[in-house]
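For reference, the structure discussed in these notes is given below.
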Amino acid sequence: MKINALVFDAYGTLLDVHSVIALCEKLFPGNGAALSQLWRAKQLEYSWLRSLMGCYADFANVTADALRYACRALDLKLEAPHVLQIMDTYDRLTPFPDSPRLAKIRLSRHGISGALRNRFVLCPHQSC
């Protein structure tokens, strides 16, 4: 059987979803790591629950809703410019150090060319 494509789970597998911690820490000193952890947990929970309920929402909405929840839960004042800045940073997550190399190896084993760059834009939250 010829393999024409390989699909990788990007978030948390190839891309470090917590590469937003530095910005979160800058915007909410002393809360960057906690915000990132709660945000990701709620993002997954919202995705699963919406899927189970048959209540689809695109990834951008799920992510933004989870961010708002996490900020409320941590009693952080989330202003509109913060949302845009944080979501923009989430669109440009940093790959784990070995992700580009591993993806390239797996692709080349199957005669498929392609590789991940060290930083790239996914843009699920805006029009690219």
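Labels for the structure tokens follow display order: chains A, B, ..., residues from 1 in each chain, ligands from 1.
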
Counting only C-alpha atoms, what is within 12 Å of Ala64 of chain A, bar same-chain residues fewer than 2 positions away, as a short mmCIF file (atom, residue, chain, number, x, y, z; two decimals) with all heavy atoms, in the first residue's frame?
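Result went into around.cif, see below:
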data_model
loop_
_atom_site.label_atom_id
_atom_site.label_comp_id
_atom_site.auth_asym_id
_atom_site.auth_seq_id
_atom_site.Cartn_x
_atom_site.Cartn_y
_atom_site.Cartn_z
N TRP A 39 -5.72 26.80 30.95
CA TRP A 39 -6.24 27.09 29.62
C TRP A 39 -6.24 25.84 28.76
O TRP A 39 -7.23 25.48 28.14
CB TRP A 39 -5.41 28.20 29.00
CG TRP A 39 -5.80 28.64 27.61
CD1 TRP A 39 -6.98 28.42 26.97
CD2 TRP A 39 -4.99 29.39 26.72
NE1 TRP A 39 -6.95 28.99 25.72
CE2 TRP A 39 -5.74 29.60 25.55
CE3 TRP A 39 -3.72 29.92 26.80
CZ2 TRP A 39 -5.25 30.30 24.46
CZ3 TRP A 39 -3.23 30.63 25.71
CH2 TRP A 39 -3.98 30.82 24.56
N ARG A 40 -5.11 25.13 28.74
CA ARG A 40 -5.01 23.91 27.92
C ARG A 40 -5.97 22.83 28.42
O ARG A 40 -6.64 22.17 27.62
CB ARG A 40 -3.57 23.39 27.93
CG ARG A 40 -3.37 22.10 27.17
CD ARG A 40 -3.69 22.23 25.70
NE ARG A 40 -3.33 21.00 24.99
CZ ARG A 40 -3.79 20.69 23.81
NH1 ARG A 40 -4.60 21.50 23.16
NH2 ARG A 40 -3.43 19.56 23.23
N LYS A 42 -8.79 23.20 30.00
CA LYS A 42 -10.16 23.59 29.68
C LYS A 42 -10.40 23.51 28.17
O LYS A 42 -11.49 23.13 27.73
CB LYS A 42 -10.44 25.00 30.21
CG LYS A 42 -11.90 25.36 30.27
CD LYS A 42 -12.79 24.37 30.97
CE LYS A 42 -12.62 24.32 32.45
NZ LYS A 42 -13.68 23.52 33.13
N GLN A 43 -9.39 23.82 27.38
CA GLN A 43 -9.51 23.71 25.92
C GLN A 43 -9.83 22.26 25.53
O GLN A 43 -10.73 22.00 24.73
CB GLN A 43 -8.20 24.16 25.27
CG GLN A 43 -8.18 24.10 23.77
CD GLN A 43 -6.78 24.33 23.24
OE1 GLN A 43 -5.83 23.67 23.66
NE2 GLN A 43 -6.65 25.28 22.33
N TYR A 46 -13.42 21.35 26.86
CA TYR A 46 -14.46 21.93 26.01
C TYR A 46 -14.57 21.19 24.67
O TYR A 46 -15.66 20.96 24.17
CB TYR A 46 -14.19 23.40 25.75
CG TYR A 46 -14.53 24.34 26.89
CD1 TYR A 46 -14.19 25.68 26.80
CD2 TYR A 46 -15.19 23.92 28.03
CE1 TYR A 46 -14.49 26.57 27.82
CE2 TYR A 46 -15.50 24.80 29.05
CZ TYR A 46 -15.15 26.12 28.94
OH TYR A 46 -15.45 27.00 29.95
N SER A 47 -13.43 20.82 24.09
CA SER A 47 -13.44 20.09 22.82
C SER A 47 -14.16 18.75 22.97
O SER A 47 -15.00 18.38 22.14
CB SER A 47 -12.02 19.84 22.32
OG SER A 47 -11.39 21.05 22.00
N ALA A 57 -18.08 23.51 17.73
CA ALA A 57 -17.56 24.88 17.71
C ALA A 57 -16.16 24.78 17.14
O ALA A 57 -15.43 23.82 17.44
CB ALA A 57 -17.52 25.47 19.11
N ASP A 58 -15.78 25.71 16.29
CA ASP A 58 -14.46 25.61 15.69
C ASP A 58 -13.37 25.82 16.76
O ASP A 58 -13.63 26.32 17.84
CB ASP A 58 -14.29 26.55 14.49
CG ASP A 58 -14.33 28.02 14.85
OD1 ASP A 58 -13.83 28.40 15.92
OD2 ASP A 58 -14.85 28.79 14.04
N PHE A 59 -12.18 25.39 16.40
CA PHE A 59 -11.07 25.40 17.35
C PHE A 59 -10.79 26.79 17.88
O PHE A 59 -10.43 26.96 19.04
CB PHE A 59 -9.83 24.80 16.69
CG PHE A 59 -8.71 24.55 17.64
CD1 PHE A 59 -8.80 23.55 18.59
CD2 PHE A 59 -7.56 25.32 17.60
CE1 PHE A 59 -7.76 23.31 19.49
CE2 PHE A 59 -6.52 25.09 18.49
CZ PHE A 59 -6.62 24.09 19.43
N ALA A 60 -10.97 27.80 17.07
CA ALA A 60 -10.74 29.18 17.50
C ALA A 60 -11.68 29.55 18.64
O ALA A 60 -11.27 30.14 19.64
CB ALA A 60 -10.91 30.14 16.33
N ASN A 61 -12.94 29.21 18.50
CA ASN A 61 -13.91 29.53 19.55
C ASN A 61 -13.67 28.72 20.81
O ASN A 61 -13.77 29.25 21.92
CB ASN A 61 -15.34 29.30 19.04
CG ASN A 61 -15.76 30.36 18.05
OD1 ASN A 61 -15.31 31.50 18.11
ND2 ASN A 61 -16.58 29.97 17.09
N VAL A 62 -13.36 27.45 20.65
CA VAL A 62 -13.07 26.60 21.81
C VAL A 62 -11.87 27.17 22.57
O VAL A 62 -11.89 27.29 23.81
CB VAL A 62 -12.77 25.15 21.37
CG1 VAL A 62 -12.24 24.32 22.53
CG2 VAL A 62 -14.02 24.50 20.78
N ALA A 66 -11.95 28.81 26.31
CA ALA A 66 -11.11 28.22 27.36
C ALA A 66 -10.20 29.27 27.98
O ALA A 66 -9.99 29.27 29.20
CB ALA A 66 -10.29 27.06 26.79
N LEU A 67 -9.68 30.17 27.18
CA LEU A 67 -8.85 31.26 27.69
C LEU A 67 -9.65 32.15 28.64
O LEU A 67 -9.20 32.49 29.73
CB LEU A 67 -8.26 32.08 26.54
CG LEU A 67 -7.48 33.34 26.94
CD1 LEU A 67 -6.25 32.98 27.78
CD2 LEU A 67 -7.07 34.12 25.68
N ARG A 68 -10.85 32.51 28.21
CA ARG A 68 -11.70 33.36 29.06
C ARG A 68 -12.03 32.65 30.38
O ARG A 68 -11.99 33.26 31.44
CB ARG A 68 -12.98 33.73 28.31
CG ARG A 68 -12.74 34.74 27.20
CD ARG A 68 -14.07 35.16 26.54
NE ARG A 68 -13.78 35.80 25.29
CZ ARG A 68 -13.78 35.19 24.10
NH1 ARG A 68 -14.08 33.92 24.00
NH2 ARG A 68 -13.49 35.86 23.00
N TYR A 69 -12.36 31.37 30.29
CA TYR A 69 -12.64 30.61 31.51
C TYR A 69 -11.43 30.62 32.45
O TYR A 69 -11.56 30.87 33.65
CB TYR A 69 -13.03 29.16 31.20
CG TYR A 69 -13.09 28.34 32.46
CD1 TYR A 69 -14.25 28.29 33.22
CD2 TYR A 69 -11.96 27.66 32.92
CE1 TYR A 69 -14.30 27.58 34.41
CE2 TYR A 69 -11.99 26.96 34.12
CZ TYR A 69 -13.16 26.92 34.85
OH TYR A 69 -13.19 26.23 36.04
N ALA A 70 -10.26 30.30 31.90
CA ALA A 70 -9.05 30.20 32.74
C ALA A 70 -8.75 31.53 33.42
O ALA A 70 -8.39 31.55 34.60
CB ALA A 70 -7.87 29.74 31.89
N CYS A 71 -8.92 32.61 32.70
CA CYS A 71 -8.67 33.93 33.31
C CYS A 71 -9.68 34.23 34.41
O CYS A 71 -9.30 34.73 35.48
CB CYS A 71 -8.68 35.02 32.24
SG CYS A 71 -7.19 35.02 31.24
N LEU A 78 -8.91 39.94 31.92
CA LEU A 78 -8.59 39.70 30.52
C LEU A 78 -9.25 40.78 29.68
O LEU A 78 -10.47 40.82 29.56
CB LEU A 78 -9.07 38.31 30.09
CG LEU A 78 -8.78 37.90 28.66
CD1 LEU A 78 -7.27 37.76 28.44
CD2 LEU A 78 -9.49 36.58 28.35
N ALA A 80 -9.67 42.95 25.95
CA ALA A 80 -9.73 42.61 24.53
C ALA A 80 -8.35 42.58 23.86
O ALA A 80 -8.05 41.64 23.13
CB ALA A 80 -10.67 43.55 23.79
N HIS A 82 -5.56 41.86 25.18
CA HIS A 82 -4.88 40.66 25.68
C HIS A 82 -5.33 39.43 24.91
O HIS A 82 -4.52 38.58 24.55
CB HIS A 82 -5.15 40.43 27.16
CG HIS A 82 -4.56 41.46 28.06
ND1 HIS A 82 -5.12 41.76 29.28
CD2 HIS A 82 -3.48 42.25 27.96
CE1 HIS A 82 -4.41 42.69 29.88
NE2 HIS A 82 -3.41 43.02 29.08
N VAL A 83 -6.64 39.33 24.68
CA VAL A 83 -7.17 38.17 23.96
C VAL A 83 -6.52 38.08 22.58
O VAL A 83 -6.03 37.02 22.18
CB VAL A 83 -8.71 38.24 23.82
CG1 VAL A 83 -9.23 37.11 22.94
CG2 VAL A 83 -9.38 38.22 25.17
N LEU A 84 -6.50 39.19 21.88
CA LEU A 84 -5.91 39.20 20.54
C LEU A 84 -4.43 38.83 20.58
O LEU A 84 -3.95 38.04 19.76
CB LEU A 84 -6.10 40.57 19.87
CG LEU A 84 -7.54 40.97 19.59
CD1 LEU A 84 -7.59 42.41 19.07
CD2 LEU A 84 -8.18 40.01 18.61
N GLN A 85 -3.72 39.40 21.51
CA GLN A 85 -2.27 39.14 21.63
C GLN A 85 -1.99 37.68 21.98
O GLN A 85 -1.13 37.04 21.39
CB GLN A 85 -1.68 40.08 22.68
CG GLN A 85 -0.19 40.13 22.70
CD GLN A 85 0.33 41.17 23.70
OE1 GLN A 85 -0.42 41.78 24.45
NE2 GLN A 85 1.63 41.35 23.70
N ILE A 86 -2.73 37.15 22.93
CA ILE A 86 -2.51 35.76 23.36
C ILE A 86 -2.92 34.79 22.25
O ILE A 86 -2.20 33.83 21.96
CB ILE A 86 -3.28 35.46 24.66
CG1 ILE A 86 -2.70 36.29 25.81
CG2 ILE A 86 -3.19 33.97 25.00
CD1 ILE A 86 -3.54 36.26 27.09
N MET A 87 -4.05 35.04 21.61
CA MET A 87 -4.51 34.15 20.54
C MET A 87 -3.55 34.20 19.35
O MET A 87 -3.28 33.18 18.72
CB MET A 87 -5.92 34.51 20.10
CG MET A 87 -6.96 34.29 21.20
SD MET A 87 -7.20 32.58 21.65
CE MET A 87 -8.25 32.06 20.32
N ASP A 88 -3.01 35.37 19.06
CA ASP A 88 -2.02 35.49 17.99
C ASP A 88 -0.78 34.67 18.32
O ASP A 88 -0.22 34.00 17.45
CB ASP A 88 -1.66 36.96 17.76
CG ASP A 88 -0.71 37.13 16.60
OD1 ASP A 88 -1.08 36.78 15.46
OD2 ASP A 88 0.43 37.61 16.83
N TYR A 90 -0.73 32.05 20.23
CA TYR A 90 -1.13 30.64 20.14
C TYR A 90 -1.10 30.16 18.69
O TYR A 90 -0.83 29.00 18.41
CB TYR A 90 -2.52 30.44 20.75
CG TYR A 90 -2.75 29.02 21.18
CD1 TYR A 90 -2.35 28.58 22.43
CD2 TYR A 90 -3.34 28.10 20.32
CE1 TYR A 90 -2.55 27.27 22.82
CE2 TYR A 90 -3.55 26.79 20.71
CZ TYR A 90 -3.15 26.38 21.96
OH TYR A 90 -3.33 25.08 22.34
N ASP A 91 -1.36 31.05 17.76
CA ASP A 91 -1.29 30.70 16.33
C ASP A 91 0.14 30.47 15.86
O ASP A 91 0.36 29.99 14.75
CB ASP A 91 -1.90 31.81 15.47
CG ASP A 91 -3.41 31.85 15.54
OD1 ASP A 91 -4.02 30.82 15.90
OD2 ASP A 91 -3.98 32.91 15.24
N PRO A 124 -5.52 29.28 13.07
CA PRO A 124 -6.90 28.85 13.19
C PRO A 124 -7.79 29.95 13.76
O PRO A 124 -9.00 29.84 13.72
CB PRO A 124 -6.83 27.66 14.16
CG PRO A 124 -5.64 27.94 14.98
CD PRO A 124 -4.66 28.68 14.07
N HIS A 125 -7.20 31.01 14.29
CA HIS A 125 -7.95 32.04 14.99
C HIS A 125 -8.16 33.30 14.16
O HIS A 125 -8.72 34.26 14.65
CB HIS A 125 -7.26 32.39 16.29
CG HIS A 125 -6.99 31.17 17.10
ND1 HIS A 125 -5.74 30.63 17.25
CD2 HIS A 125 -7.83 30.33 17.74
CE1 HIS A 125 -5.83 29.55 17.97
NE2 HIS A 125 -7.06 29.34 18.29
N GLN A 126 -7.67 33.31 12.95
CA GLN A 126 -7.83 34.51 12.13
C GLN A 126 -7.75 34.13 10.66
O GLN A 126 -7.39 33.01 10.33
CB GLN A 126 -6.73 35.51 12.45
CG GLN A 126 -5.33 34.99 12.17
CD GLN A 126 -4.26 35.96 12.61
OE1 GLN A 126 -4.52 37.10 12.88
NE2 GLN A 126 -3.03 35.49 12.67
#

Using DSSP on the backbone coordinates, identify the residues of segment 6-110 of chain A assigned to strand (DSSP E or B); present them as a ChimeraX atom specification.
-> /A:11,15-16,94-95

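What separates atom CA of Phe96 of chain A from atom CA of Thr13 of chain A is a distance of 7.9 Å.
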
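Taking atom CA of Tyr11 of chain A and atom CA of Leu52 of chain A as the two end points, the separation is 20.2 Å.
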
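Around Gly12 of chain A, within 10 Å and counting only C-alpha atoms, the residues found are Asp16, Val17, His18, Arg40, Leu93, Pro95 and Phe96 of chain A, once anything fewer than 4 positions away on its own chain is removed.
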
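One distance worth recording is that between atom CA of Phe28 of chain A and atom CA of Arg92 of chain A, which is 19.7 Å.
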